[in-house]
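J.: Below you'll find the structure I mean.
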Protein chains: 2
Amino acid sequence: MNLNPFAIGIHGGCGTLEEERLNPQQWALVRAALHASLLAGWRVLRDGGPALDAVEAAVVVMEDSEHFNAGHGAALTSAGDHELDAALMDGRDARAGAVCAARTIRNPIRAARAVMEHSDCVLLCGSAADAFAARCGLAGVPNSYFTTERRRAALAAVQEHARAGTSAQASESDRHGTVGAVARDQAGNLAAATSTGGFNDKAPGRIGDTPIIGAGTYASNGVCAVSCTGRGEIFMREVVAHEVAARLRYAGQTLDEATRAMVFDVLAGYDIGAGMVAIDAAGTIVTPYNTTGMARGWIGSDGVAFVATHGTVHRIEAA
Amino acid sequence: MNLNPFAIGIHGGCGTLEEERLNPQQWALVRAALHASLLAGWRVLRDGGPALDAVEAAVVVMEDSEHFNAGHGAALTSAGDHELDAALMDGRDARAGAVCAARTIRNPIRAARAVMEHSDCVLLCGSAADAFAARCGLAGVPNSYFTTERRRAALAAVQEHARAGTSAQASESDRHGTVGAVARDQAGNLAAATSTGGFNDKAPGRIGDTPIIGAGTYASNGVCAVSCTGRGEIFMREVVAHEVAARLRYAGQTLDEATRAMVFDVLAGYDIGAGMVAIDAAGTIVTPYNTTGMARGWIGSDGVAFVATHGTVHRIEAA
């Protein structure tokens, strides 16, 4: 779909619950949260703001929502608490910022932005990231702020599967999830942002692909912006987001060809759940995934939004 | 240079001191350390071992040497202690392992290998990396083990420049350094390994490109293996190691063309010191750098080694 002159696409993770595990009202709430995220980014773009601001705004909404594995609602480590990763990248000048293993930053994506703008670093980890965010005046929270009943239950389920030796039966949604956004602004700039709690029962200190520029997050003007979701280790090894860009730059592939090749060929070859949202220089948005579902949405300059969690895409007219 | 059927190349960082700052005997010691590193990797390859073992062995020698910014001899953070990063990647199957902000692991590259082989992770950070390495039986050391008088003096110099507002005059060697290795084994497999203390006066919690697969370290059979040195933040933003591979895979560039384009065009465009060692599928090794010097060396199946710190390359006949 071509959504010029400006557009934003989001994902809420490819670890979506099977459709029958929630009732229709609950899925409507998830779609409403996706729509709110899209609108937050869309308003920035409509007002002539940069793609970077739009993807940050969209991700903040999902971080604040309990429905997604990022910020409030994040997955729990095997130790029963939270370590959060986030990154963003500005396609204008390849500037980027990221935090990993953060524990007390209410909105990790805002901290990633602060790292980019107010430090000499690209990636800050652990308590240094928390302290830096506090020095920048970003809102801090106790680690328990991120915890929700759903994630507690999911952690218990994953740990029970591990004890019983049936981890393969743990549902995709119990295993991982991420949120992300990509956008093209009115000036043609691209940006990407991604934020996650990792996956339930992850080892403390484990860093996934989300905060790794080139793996889970990448943007380059004139080429594409990409935000990934899925088993992060494989995305790191395959340098997925940058590989998509390289296929556009050097191999003559379209965004649809490149992202489908990664999700359905390269990544599916590892037998992992995988998905992404990506946008090219023309504003075309794609949202391939190989799992049961992937929370996702996109909106163009006409303000008509499309949101989905599984196969059915819901159209929401502009207000 | 084509060094079939097996070969290994190394770098000891592009932050080499200006030639006049050490006497000839001291430079001879640096070259001897490079030669020892090459021989450690070469013996593995000669005996039919995998490229992954060879690059790990070569890096361990440089980590143990005071002459290089990795392991013993690592740079100091602004807090006056050490946080170490390392990664390796096996081109056979794109497996990889890395640690970042480690503080008590004698040989971080061994910990990266252990993460790859004995965990579900690709990247472990901070105290979790230290604890994991200890559980794997790797040698632990007090953080002060890594400290040398040269780095203490360099930190003091950098901090004095910062106070005086003359940071641009700090020498390249006071700012950064890294060690790395790439190899092709008798079976044609490629591997890369990189290890670093970062740079003097770095912020605690700062993660550079070394442990980031695709940025400072990358290997893929049939394409190339790359290990980088220089201002890590730019290598992360440009996803340098993977970009080299993408140019070989998709843009028809040779290894020499791709690495020179990165070091002398893309990275020099940021006005940063940059270098790398890389090897292609045929065993060709290149060592481009844009700084005063770069400790480096390479050796092929005939056992004749070449080592250098500045312009002059020294040939060392096989024993």
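Here's how to read the names in the structure tokens: chain A, B, ... by the order shown, residue numbers from 1 in each chain, ligand numbers from 1 in the order shown.
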Taking 3 positions as the minimum chain separation for residues in the same chain, which residues sit within 10 Å of Phe6 in chain A when counting only C-alpha atoms? Answer as a list in words.

T.: Asn2, Leu3, Trp42, Leu45, Arg46, Gly48, Ala51, Ala183, Arg184, Asp185, Gln186, Ala187, Gly188, Asn189, Leu190, Ala282, Gly283, Thr284, Ile299, Gly300, Ser301 and Asp302 of chain A

J.: Those residues with N, CA, C and O atoms, as a JSON list (two decimals), in the first residue's frame please?

T.:
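Everything below was put into again_9.json:
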[["chain", "number", "residue", "atom", "x", "y", "z"],
["A", 2, "ASN", "N", 0.54, 2.20, -0.85],
["A", 2, "ASN", "CA", 1.33, 3.42, -0.90],
["A", 2, "ASN", "C", 0.58, 4.54, -0.20],
["A", 2, "ASN", "O", -0.55, 4.83, -0.52],
["A", 3, "LEU", "N", 1.22, 5.14, 0.78],
["A", 3, "LEU", "CA", 0.54, 6.05, 1.68],
["A", 3, "LEU", "C", 1.16, 7.43, 1.69],
["A", 3, "LEU", "O", 1.12, 8.12, 2.69],
["A", 42, "TRP", "N", 0.67, 9.84, 13.93],
["A", 42, "TRP", "CA", 0.09, 10.51, 12.77],
["A", 42, "TRP", "C", -0.03, 12.02, 12.99],
["A", 42, "TRP", "O", 0.23, 12.82, 12.08],
["A", 45, "LEU", "N", 3.16, 13.74, 12.32],
["A", 45, "LEU", "CA", 3.44, 13.82, 10.88],
["A", 45, "LEU", "C", 2.54, 14.84, 10.19],
["A", 45, "LEU", "O", 3.00, 15.62, 9.34],
["A", 46, "ARG", "N", 1.28, 14.83, 10.56],
["A", 46, "ARG", "CA", 0.32, 15.77, 9.95],
["A", 46, "ARG", "C", 0.75, 17.22, 10.19],
["A", 46, "ARG", "O", 0.62, 18.09, 9.32],
["A", 48, "GLY", "N", 3.64, 18.28, 10.37],
["A", 48, "GLY", "CA", 4.92, 18.58, 9.72],
["A", 48, "GLY", "C", 6.13, 18.18, 10.56],
["A", 48, "GLY", "O", 7.26, 18.54, 10.23],
["A", 51, "ALA", "N", 9.84, 12.32, 11.31],
["A", 51, "ALA", "CA", 9.52, 10.90, 11.48],
["A", 51, "ALA", "C", 10.03, 10.39, 12.82],
["A", 51, "ALA", "O", 9.37, 9.56, 13.46],
["A", 183, "ALA", "N", 8.27, 5.24, 10.21],
["A", 183, "ALA", "CA", 7.51, 6.35, 9.63],
["A", 183, "ALA", "C", 8.29, 7.05, 8.54],
["A", 183, "ALA", "O", 9.52, 6.99, 8.48],
["A", 184, "ARG", "N", 7.51, 7.70, 7.66],
["A", 184, "ARG", "CA", 8.04, 8.62, 6.66],
["A", 184, "ARG", "C", 7.33, 9.95, 6.88],
["A", 184, "ARG", "O", 6.09, 9.99, 6.91],
["A", 185, "ASP", "N", 8.08, 11.02, 7.05],
["A", 185, "ASP", "CA", 7.44, 12.32, 7.28],
["A", 185, "ASP", "C", 7.26, 13.08, 5.98],
["A", 185, "ASP", "O", 7.61, 12.61, 4.91],
["A", 186, "GLN", "N", 6.68, 14.27, 6.09],
["A", 186, "GLN", "CA", 6.35, 15.05, 4.88],
["A", 186, "GLN", "C", 7.60, 15.45, 4.09],
["A", 186, "GLN", "O", 7.52, 15.70, 2.88],
["A", 187, "ALA", "N", 8.74, 15.52, 4.77],
["A", 187, "ALA", "CA", 9.99, 15.86, 4.09],
["A", 187, "ALA", "C", 10.67, 14.62, 3.50],
["A", 187, "ALA", "O", 11.72, 14.73, 2.87],
["A", 188, "GLY", "N", 10.05, 13.45, 3.71],
["A", 188, "GLY", "CA", 10.62, 12.23, 3.15],
["A", 188, "GLY", "C", 11.61, 11.53, 4.06],
["A", 188, "GLY", "O", 12.21, 10.52, 3.68],
["A", 189, "ASN", "N", 11.78, 12.04, 5.27],
["A", 189, "ASN", "CA", 12.69, 11.38, 6.21],
["A", 189, "ASN", "C", 12.08, 10.11, 6.77],
["A", 189, "ASN", "O", 10.86, 10.05, 7.01],
["A", 190, "LEU", "N", 12.92, 9.13, 7.03],
["A", 190, "LEU", "CA", 12.49, 7.87, 7.61],
["A", 190, "LEU", "C", 13.04, 7.73, 9.03],
["A", 190, "LEU", "O", 14.09, 8.29, 9.35],
["A", 282, "ALA", "N", 9.23, 5.53, -0.49],
["A", 282, "ALA", "CA", 8.00, 6.05, -1.07],
["A", 282, "ALA", "C", 6.84, 6.04, -0.08],
["A", 282, "ALA", "O", 5.75, 6.51, -0.40],
["A", 283, "GLY", "N", 7.08, 5.49, 1.11],
["A", 283, "GLY", "CA", 6.02, 5.42, 2.10],
["A", 283, "GLY", "C", 5.23, 4.13, 2.07],
["A", 283, "GLY", "O", 4.23, 3.99, 2.78],
["A", 284, "THR", "N", 5.65, 3.17, 1.30],
["A", 284, "THR", "CA", 5.01, 1.85, 1.30],
["A", 284, "THR", "C", 5.28, 1.15, 2.62],
["A", 284, "THR", "O", 6.44, 1.10, 3.06],
["A", 299, "ILE", "N", -1.23, 3.87, 8.96],
["A", 299, "ILE", "CA", -2.09, 5.02, 8.68],
["A", 299, "ILE", "C", -1.33, 5.96, 7.76],
["A", 299, "ILE", "O", -0.11, 6.15, 7.93],
["A", 300, "GLY", "N", -2.03, 6.51, 6.80],
["A", 300, "GLY", "CA", -1.40, 7.44, 5.87],
["A", 300, "GLY", "C", -1.93, 8.84, 6.05],
["A", 300, "GLY", "O", -2.64, 9.14, 7.02],
["A", 301, "SER", "N", -1.62, 9.71, 5.10],
["A", 301, "SER", "CA", -1.94, 11.12, 5.26],
["A", 301, "SER", "C", -3.44, 11.38, 5.29],
["A", 301, "SER", "O", -3.88, 12.39, 5.82],
["A", 302, "ASP", "N", -4.25, 10.45, 4.75],
["A", 302, "ASP", "CA", -5.70, 10.66, 4.77],
["A", 302, "ASP", "C", -6.33, 10.36, 6.13],
["A", 302, "ASP", "O", -7.52, 10.58, 6.33]]

J.: If we count only C-alpha atoms and set the cut-off at 8 Å, which residues sit around Phe146 in chain A, ignoring sequence neighbours fewer than 4 positions away in its own chain? Please answer as a PyMOL selection string.

T.: chain A and resi 71-74+82

J.: Residues of chain A were defined as contacting chain B if any atom lay at most 8 Å from it, counting only C-alpha atoms; please report them as a ChimeraX atom specification.

T.: /A:94-96,121-129,204-208,212-215,233,236-239,242-243,246-247,250-251

J.: Save the residues we just selected, C-alpha atoms, as an mmCIF file, in the first residue's frame?

T.:
data_model
loop_
_atom_site.group_PDB
_atom_site.id
_atom_site.type_symbol
_atom_site.label_atom_id
_atom_site.label_comp_id
_atom_site.auth_asym_id
_atom_site.auth_seq_id
_atom_site.Cartn_x
_atom_site.Cartn_y
_atom_site.Cartn_z
ATOM 1 C CA ALA A 94 22.102 7.669 10.760
ATOM 2 C CA ARG A 95 22.029 8.968 14.311
ATOM 3 C CA ALA A 96 20.808 6.414 16.805
ATOM 4 C CA CYS A 121 27.067 7.004 23.147
ATOM 5 C CA VAL A 122 24.749 4.947 20.991
ATOM 6 C CA LEU A 123 24.050 2.232 23.587
ATOM 7 C CA LEU A 124 23.954 2.518 27.370
ATOM 8 C CA CYS A 125 23.289 -0.509 29.563
ATOM 9 C CA GLY A 126 21.866 -1.338 32.954
ATOM 10 C CA SER A 127 22.059 1.006 35.895
ATOM 11 C CA ALA A 128 24.070 3.476 33.801
ATOM 12 C CA ALA A 129 21.078 3.790 31.477
ATOM 13 C CA PRO A 204 18.869 -11.567 33.581
ATOM 14 C CA GLY A 205 21.497 -9.703 31.577
ATOM 15 C CA ARG A 206 20.358 -11.129 28.241
ATOM 16 C CA ILE A 207 20.254 -8.490 25.503
ATOM 17 C CA GLY A 208 18.142 -9.153 22.422
ATOM 18 C CA ILE A 212 20.956 -3.395 18.425
ATOM 19 C CA ILE A 213 21.132 -1.017 15.468
ATOM 20 C CA GLY A 214 20.993 -3.155 12.339
ATOM 21 C CA ALA A 215 19.434 -6.177 14.061
ATOM 22 C CA GLU A 233 19.079 -13.968 18.953
ATOM 23 C CA MET A 236 21.114 -10.485 15.781
ATOM 24 C CA ARG A 237 22.934 -13.279 13.979
ATOM 25 C CA GLU A 238 21.258 -12.426 10.672
ATOM 26 C CA VAL A 239 21.535 -8.634 11.211
ATOM 27 C CA HIS A 242 20.209 -3.923 7.998
ATOM 28 C CA GLU A 243 19.967 -6.954 5.721
ATOM 29 C CA ALA A 246 21.087 -3.991 1.951
ATOM 30 C CA ARG A 247 18.730 -5.988 -0.259
ATOM 31 C CA TYR A 250 22.324 -3.391 -3.577
ATOM 32 C CA ALA A 251 20.196 -6.338 -4.701
#

J.: Could you give me the residues within range 120-309 of chain A that DSSP places in alpha helix (DSSP H), as a VMD selection string?

T.: chain A and resid 126 to 135 149 to 164 172 to 175 232 to 237 240 to 251 255 to 260

J.: Just give me the gap between CA of Ala225 in chain A and CA of Gly91 in chain B in Å, one decimal is fine.

T.: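 Taking CA of Ala225 in chain A as the start and CA of Gly91 in chain B as the end point, the length is 26.8 Å.
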
J.: Apply DSSP to the backbone of this structure and, from range 24-204 of chain A, keep only the residues in strand (DSSP E or B); write these as a ChimeraX atom specification.

T.: /A:77,84-90,95-102,105,123-125,140,179-184,190-196,202

J.: Could you state the separation of CA of Val182 in chain A and CA of Gly273 in chain A in Å, given to one decimal place?

T.: 20.2 Å

J.: When you look at range 253-270 of chain B with a cut-off of 7 Å (counting only C-alpha atoms), what residues show up, excluding the ones that are within fewer than 2 positions of it in the same chain? I need them as a list in words.

T.: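 With the cut-off at 7 Å, the set is Val244, Arg247, Leu248, Ala251, Ile272, Ala274, Gly275, Asp280, Val286, Pro288, Tyr289 and Asn290 of chain B.
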
J.: Which polymer residues have any atom within 9 Å of an atom of Val307 in chain B, counting only C-alpha atoms, with same-chain residues fewer than 6 positions away left out, as a PyMOL selection string?

T.: chain B and resi 31-32+34-35+295-299+313-316
